[in-house]
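Source file: my_file_16.tsv; contents: TSV, C-alpha atoms.
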```tsv
chain	number	residue	atom	x	y	z
B	1	MET	CA	-52.98	76.10	246.64
B	2	LEU	CA	-50.14	75.97	249.20
B	3	GLN	CA	-47.81	74.60	246.56
B	4	ARG	CA	-48.60	77.58	244.29
B	5	VAL	CA	-48.00	80.04	247.15
B	6	ASN	CA	-44.61	78.41	247.85
B	7	GLU	CA	-43.76	78.56	244.16
B	8	LEU	CA	-44.59	82.29	244.00
B	9	ASP	CA	-42.58	82.84	247.18
B	10	ARG	CA	-39.54	81.14	245.58
B	11	GLU	CA	-39.91	83.17	242.39
B	12	LEU	CA	-40.23	86.45	244.29
B	13	PHE	CA	-37.26	85.49	246.47
B	14	LEU	CA	-35.05	84.79	243.45
B	15	TYR	CA	-36.10	88.05	241.81
B	16	LEU	CA	-35.45	90.19	244.90
B	17	ASN	CA	-32.31	88.34	245.93
B	18	ASN	CA	-30.77	88.64	242.47
B	19	LEU	CA	-31.33	92.40	242.37
B	20	GLY	CA	-28.30	92.69	244.64
B	21	ASN	CA	-24.70	93.18	243.66
B	22	GLU	CA	-21.34	93.11	245.43
B	23	ASN	CA	-21.28	96.90	245.84
B	24	TRP	CA	-24.26	96.69	248.24
B	25	ASP	CA	-23.40	93.47	250.08
B	26	MET	CA	-21.56	95.13	252.98
B	27	PHE	CA	-24.39	97.61	253.51
B	28	TRP	CA	-26.99	94.84	253.84
B	29	LEU	CA	-24.70	92.81	256.08
B	30	LEU	CA	-24.48	95.86	258.37
B	31	VAL	CA	-28.26	96.39	258.28
B	32	THR	CA	-28.94	92.82	259.39
B	33	ASP	CA	-26.30	92.87	262.15
B	34	LYS	CA	-27.96	93.44	265.53
B	35	TRP	CA	-24.98	95.47	266.78
B	36	THR	CA	-25.44	98.08	264.05
B	37	ALA	CA	-28.68	99.26	265.68
B	38	ILE	CA	-27.04	100.05	269.03
B	39	PRO	CA	-27.04	103.85	268.40
B	40	LEU	CA	-30.78	103.67	267.64
B	41	TYR	CA	-31.38	101.61	270.79
B	42	LEU	CA	-29.40	104.08	272.91
B	43	VAL	CA	-31.50	107.00	271.63
B	44	LEU	CA	-34.70	105.06	272.36
B	45	LEU	CA	-33.46	104.16	275.86
B	46	TYR	CA	-32.69	107.81	276.55
B	47	LEU	CA	-36.17	108.82	275.37
B	48	LEU	CA	-37.73	106.12	277.57
B	49	PHE	CA	-35.85	107.35	280.62
B	50	LYS	CA	-36.81	110.94	279.85
B	51	LYS	CA	-40.49	109.97	279.52
B	52	PHE	CA	-40.85	107.55	282.46
B	53	GLY	CA	-38.05	108.19	284.96
B	54	TRP	CA	-36.23	105.30	286.66
B	55	ARG	CA	-39.24	103.30	287.77
B	56	GLY	CA	-41.06	103.41	284.44
B	57	PHE	CA	-37.80	102.99	282.54
B	58	LEU	CA	-37.02	99.72	284.34
B	59	LEU	CA	-40.59	98.49	283.87
B	60	THR	CA	-40.38	99.26	280.15
B	61	ILE	CA	-37.02	97.48	279.79
B	62	VAL	CA	-38.56	94.35	281.32
B	63	VAL	CA	-41.54	94.55	278.95
B	64	ILE	CA	-39.21	95.03	275.95
B	65	ALA	CA	-37.13	92.02	277.03
B	66	LEU	CA	-40.32	89.94	277.25
B	67	LEU	CA	-41.46	91.24	273.86
B	68	ILE	CA	-38.20	90.26	272.16
B	69	THR	CA	-38.21	86.89	273.92
B	70	ALA	CA	-41.79	86.26	272.76
B	71	THR	CA	-41.14	87.16	269.11
B	72	ASP	CA	-37.85	85.30	269.02
B	73	GLN	CA	-39.12	82.13	270.68
B	74	LEU	CA	-42.32	82.07	268.63
B	75	GLY	CA	-40.04	82.18	265.59
B	76	ASN	CA	-38.19	79.12	266.90
B	77	VAL	CA	-41.48	77.27	267.53
B	78	PHE	CA	-42.61	77.99	263.97
B	79	LYS	CA	-39.23	77.01	262.51
B	80	ASP	CA	-39.22	73.68	264.35
B	81	GLY	CA	-42.92	73.11	263.67
B	82	PHE	CA	-43.01	73.92	259.93
B	83	GLN	CA	-39.43	72.85	259.16
B	84	ARG	CA	-39.38	74.90	255.97
B	85	LEU	CA	-35.88	74.94	254.55
B	86	ARG	CA	-34.21	78.28	254.07
B	87	PRO	CA	-33.61	79.29	250.45
B	88	CYS	CA	-29.84	79.05	250.97
B	89	GLY	CA	-30.27	75.37	251.84
B	90	GLN	CA	-33.01	74.30	249.46
B	91	GLU	CA	-32.17	72.47	246.26
B	92	GLY	CA	-33.56	74.13	243.19
B	93	VAL	CA	-33.29	77.54	244.81
B	94	MET	CA	-29.80	77.83	246.30
B	95	GLU	CA	-28.18	77.19	242.91
B	96	TYR	CA	-29.77	80.38	241.54
B	97	ALA	CA	-29.59	82.61	244.62
B	98	ARG	CA	-26.92	85.00	245.81
B	99	MET	CA	-25.75	83.71	249.18
B	100	VAL	CA	-24.25	86.79	250.84
B	101	ALA	CA	-24.53	85.77	254.50
B	102	GLY	CA	-21.68	83.64	255.78
B	103	TYR	CA	-24.13	81.25	257.43
B	104	CYS	CA	-27.32	79.46	256.63
B	105	GLY	CA	-29.46	77.96	259.35
B	106	LYS	CA	-31.60	74.96	258.56
B	107	PHE	CA	-35.20	76.19	258.88
B	108	GLY	CA	-36.48	79.66	258.09
B	109	TYR	CA	-40.23	80.04	258.59
B	110	PHE	CA	-40.60	82.69	259.93
B	111	SER	CA	-37.92	85.38	260.19
B	112	ALA	CA	-37.15	86.27	263.80
B	113	HIS	CA	-35.19	89.33	262.60
B	114	ALA	CA	-38.35	90.62	260.91
B	115	SER	CA	-40.51	89.73	263.89
B	116	ASN	CA	-38.22	91.31	266.47
B	117	SER	CA	-37.70	94.54	264.53
B	118	ALA	CA	-41.41	94.95	263.69
B	119	GLY	CA	-42.42	94.19	267.28
B	120	VAL	CA	-40.03	96.76	268.70
B	121	ALA	CA	-41.00	99.32	266.03
B	122	ILE	CA	-44.72	99.06	266.82
B	123	PHE	CA	-44.17	98.96	270.60
B	124	MET	CA	-41.85	101.96	270.72
B	125	GLY	CA	-43.72	103.88	268.05
B	126	LEU	CA	-46.95	103.60	270.04
B	127	ILE	CA	-45.26	104.58	273.30
B	128	PHE	CA	-43.91	107.77	271.72
B	129	ARG	CA	-46.78	108.54	269.32
B	130	ARG	CA	-47.83	111.67	271.23
B	131	ASN	CA	-44.33	113.01	271.88
B	132	TYR	CA	-42.75	112.07	268.54
B	133	PRO	CA	-45.50	111.15	266.05
B	134	PHE	CA	-42.98	110.68	263.22
B	135	LEU	CA	-40.92	108.14	265.16
B	136	ILE	CA	-43.14	105.17	264.31
B	137	TRP	CA	-42.47	105.77	260.60
B	138	ILE	CA	-38.71	105.88	261.16
B	139	LEU	CA	-38.88	102.67	263.19
B	140	LEU	CA	-41.08	100.92	260.63
B	141	PHE	CA	-38.66	101.95	257.88
B	142	TRP	CA	-35.82	100.48	259.96
B	143	ALA	CA	-37.84	97.26	260.44
B	144	LEU	CA	-38.46	97.06	256.68
B	145	LEU	CA	-34.74	97.46	255.99
B	146	VAL	CA	-33.85	94.73	258.48
B	147	SER	CA	-36.54	92.48	257.02
B	148	TYR	CA	-35.51	93.01	253.40
B	149	SER	CA	-31.87	92.36	254.35
B	150	ARG	CA	-32.85	88.76	255.15
B	151	ILE	CA	-34.01	88.24	251.55
B	152	TYR	CA	-31.03	90.09	250.10
B	153	LEU	CA	-28.60	87.94	252.08
B	154	GLY	CA	-30.29	84.75	250.87
B	155	VAL	CA	-31.48	83.38	254.22
B	156	HIS	CA	-35.28	83.98	254.09
B	157	TYR	CA	-38.11	83.88	251.62
B	158	PRO	CA	-40.42	86.92	251.33
B	159	GLY	CA	-43.18	84.87	253.00
B	160	ASP	CA	-40.89	84.25	255.99
B	161	VAL	CA	-40.27	87.97	256.27
B	162	LEU	CA	-43.88	89.03	255.77
B	163	THR	CA	-45.13	86.53	258.37
B	164	GLY	CA	-42.44	87.68	260.79
B	165	MET	CA	-43.35	91.33	260.35
B	166	VAL	CA	-47.10	90.75	260.75
B	167	LEU	CA	-46.74	88.52	263.83
B	168	GLY	CA	-44.08	90.79	265.30
B	169	GLY	CA	-46.29	93.84	264.79
B	170	MET	CA	-49.22	92.09	266.46
B	171	ILE	CA	-47.08	90.99	269.39
B	172	GLY	CA	-45.61	94.49	269.66
B	173	TYR	CA	-49.13	95.89	269.90
B	174	LEU	CA	-50.15	93.35	272.57
B	175	PHE	CA	-47.07	94.20	274.63
B	176	TYR	CA	-47.84	97.90	274.22
B	177	LEU	CA	-51.27	97.21	275.75
B	178	LEU	CA	-49.62	95.24	278.57
B	179	HIS	CA	-47.18	98.10	279.16
B	180	LYS	CA	-49.99	100.65	279.20
B	181	TYR	CA	-51.86	98.55	281.78
B	182	LEU	CA	-48.77	98.13	283.98
B	183	VAL	CA	-47.93	101.85	283.84
B	184	LYS	CA	-51.44	102.63	285.13
B	185	ARG	CA	-51.49	99.78	287.63
B	186	TRP	CA	-48.15	100.76	289.17
B	187	ARG	CA	-48.94	104.47	288.94
B	188	VAL	CA	-45.81	105.27	286.97
B	189	ALA	CA	-45.42	109.01	286.41
B	190	VAL	CA	-45.35	109.80	282.70
B	191	ARG	CA	-43.58	112.97	281.66
B	192	ALA	CA	-44.76	114.86	278.61
```

Rewrite the structure from the file as structure tokens, please.
Amino acid sequence: MLQRVNELDRELFLYLNNLGNENWDMFWLLVTDKWTAIPLYLVLLYLLFKKFGWRGFLLTIVVIALLITATDQLGNVFKDGFQRLRPCGQEGVMEYARMVAGYCGKFGYFSAHASNSAGVAIFMGLIFRRNYPFLIWILLFWALLVSYSRIYLGVHYPGDVLTGMVLGGMIGYLFYLLHKYLVKRWRVAVRA
């Protein structure tokens, strides 16, 4: 059963990865680059400050830092535990794939990029769901773009990305609940 799932994952990877062409390579390299999202992060930070003031803003920054640390480190635990080779380093796959990224780590299960972006999207989307109900959809679209970029660039299988998004979303939700508890506990004023 697991062997068949891995085989389907490889086939889907090769299909999706080979849809790309050189005209789109730079776009997907920009999407996957963490620095490209800085304007989005700055807007979200501004909205956080506007909603919570200094005290709540600082609390939220700490929770976000813990969220990203949790998703990122869980990804490392899984990578070291499962030791599943990335497609760009696996014989029988790398010969047929488009390797766009200029690097290829050793293990890839699961994608920390997908986990981090999905976790932040769920966390922030839930925080702002009353003020900006459409924001969660924008953030989830951004997370999907980041996640797909990992397949396009040749560094993750679809299963790596899907697992990362699901676990990241779950962790993002748990940290949202933690944040909600801390905001009440510390009596942080929430502005409409």

Compile the contact shell of Tyr132 of chain B as a VMD selection string: residues with an atom at most 12 Å away, counting only C-alpha atoms, same-chain residues fewer than 5 positions apart removed. chain B and resid 44 47 to 48 51 124 to 127 137 to 139 192

Keeping C-alpha atoms, export the residues of the selection given above as a CSV table (one decimal), in the frame of the given file.
```csv
chain,number,residue,atom,x,y,z
B,44,LEU,CA,-34.7,105.1,272.4
B,47,LEU,CA,-36.2,108.8,275.4
B,48,LEU,CA,-37.7,106.1,277.6
B,51,LYS,CA,-40.5,110.0,279.5
B,124,MET,CA,-41.8,102.0,270.7
B,125,GLY,CA,-43.7,103.9,268.0
B,126,LEU,CA,-47.0,103.6,270.0
B,127,ILE,CA,-45.3,104.6,273.3
B,137,TRP,CA,-42.5,105.8,260.6
B,138,ILE,CA,-38.7,105.9,261.2
B,139,LEU,CA,-38.9,102.7,263.2
B,192,ALA,CA,-44.8,114.9,278.6
```

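In this model, the gap between atom CA of Tyr152 of chain B and atom CA of Trp28 of chain B comes to 7.3 Å.
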
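Among B:Ile38, B:Leu45, B:Leu30, B:Val62, the residue with the shortest atom-to-atom distance to Ala101 of chain B, counting only C-alpha atoms, is B:Leu30.
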
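In this comparison, which uses only C-alpha atoms, the residue of B:Ser117, B:Cys88, B:Phe128, B:Phe110 approaching Asn17 of chain B most closely is B:Cys88.
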
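Shortest separation to Leu167 of chain B among B:Leu85, B:Leu14, B:Leu8, B:Ala112 occurs at residue B:Ala112, atoms counted being only C-alpha atoms.
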
Using only the atoms of segment 115-123 of chain B listed in the file, plus 4 Å on each side, state the axis-aligned box centre and edge lengths in Å rounded to one decimal, as lines of an AutoDock Vina configuration file.
```
center_x = -41.2
center_y = 94.5
center_z = 267.1
size_x = 15.0
size_y = 17.6
size_z = 14.9
```

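Reported to one decimal place, the separation of atom CA of Lys79 of chain B from atom CA of Trp142 of chain B is 23.9 Å.
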
*Contacts of Asn21 of chain B at 12 Å or less, counting only C-alpha atoms, minus same-chain residues fewer than 4 places along, as a count of residues only?*
12

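Of the residues under consideration (B:Ser115, B:Asn23, B:Thr60, B:Thr32), B:Thr32 shows the shortest atom-to-atom contact distance to Val155 of chain B when counting only C-alpha atoms.
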
Judged by all atoms listed in the file, the minimum distance to Asn116 of chain B among B:Ile68, B:Val93, B:Ile151, B:Cys104 is found for B:Ile68

Correct to one decimal, the distance atom CA of Glu22 of chain B-atom CA of Leu145 of chain B is 17.6 Å

**Prompt:** Quick one: residues within 12 Å of Phe141 of chain B, all atoms listed in the file counted, chain neighbours fewer than 4 positions away excluded, as a list in words?
**Reply:** Val31, Ala114, Ser117, Ala118, Ala121, Ile122, Gly125, Phe134, Leu135, Ile136, Trp137, Leu145, Val146, Ser147, Tyr148 and Met165 of chain B

Fewer than 5 positions away in the same chain doesn't count, so skip those; otherwise give me all residues within 7 Å of Tyr109 of chain B, counting only C-alpha atoms, as an mmCIF file with C-alpha atoms, in the frame of the given file.
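This is the output file selection_17.cif:
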```cif
data_model
loop_
_atom_site.group_PDB
_atom_site.id
_atom_site.type_symbol
_atom_site.label_atom_id
_atom_site.label_comp_id
_atom_site.auth_asym_id
_atom_site.auth_seq_id
_atom_site.Cartn_x
_atom_site.Cartn_y
_atom_site.Cartn_z
ATOM 1 C CA PHE B 78 -42.610 77.990 263.970
ATOM 2 C CA LYS B 79 -39.230 77.010 262.510
ATOM 3 C CA PHE B 82 -43.010 73.920 259.930
ATOM 4 C CA ARG B 84 -39.380 74.900 255.970
ATOM 5 C CA ASP B 160 -40.890 84.250 255.990
#
```

Residue with the minimum atom-to-atom distance to Trp54 of chain B, picked from B:Tyr15, B:Val188, B:Leu2, B:Ala70 with all atoms listed in the file counted, is B:Val188

*Residues within 10 Å of Arg55 of chain B, only C-alpha atoms, excluding chain neighbours under 5 positions, as a list in words*: Phe49, Thr60, Val183, Trp186, Arg187, Val188 and Ala189 of chain B
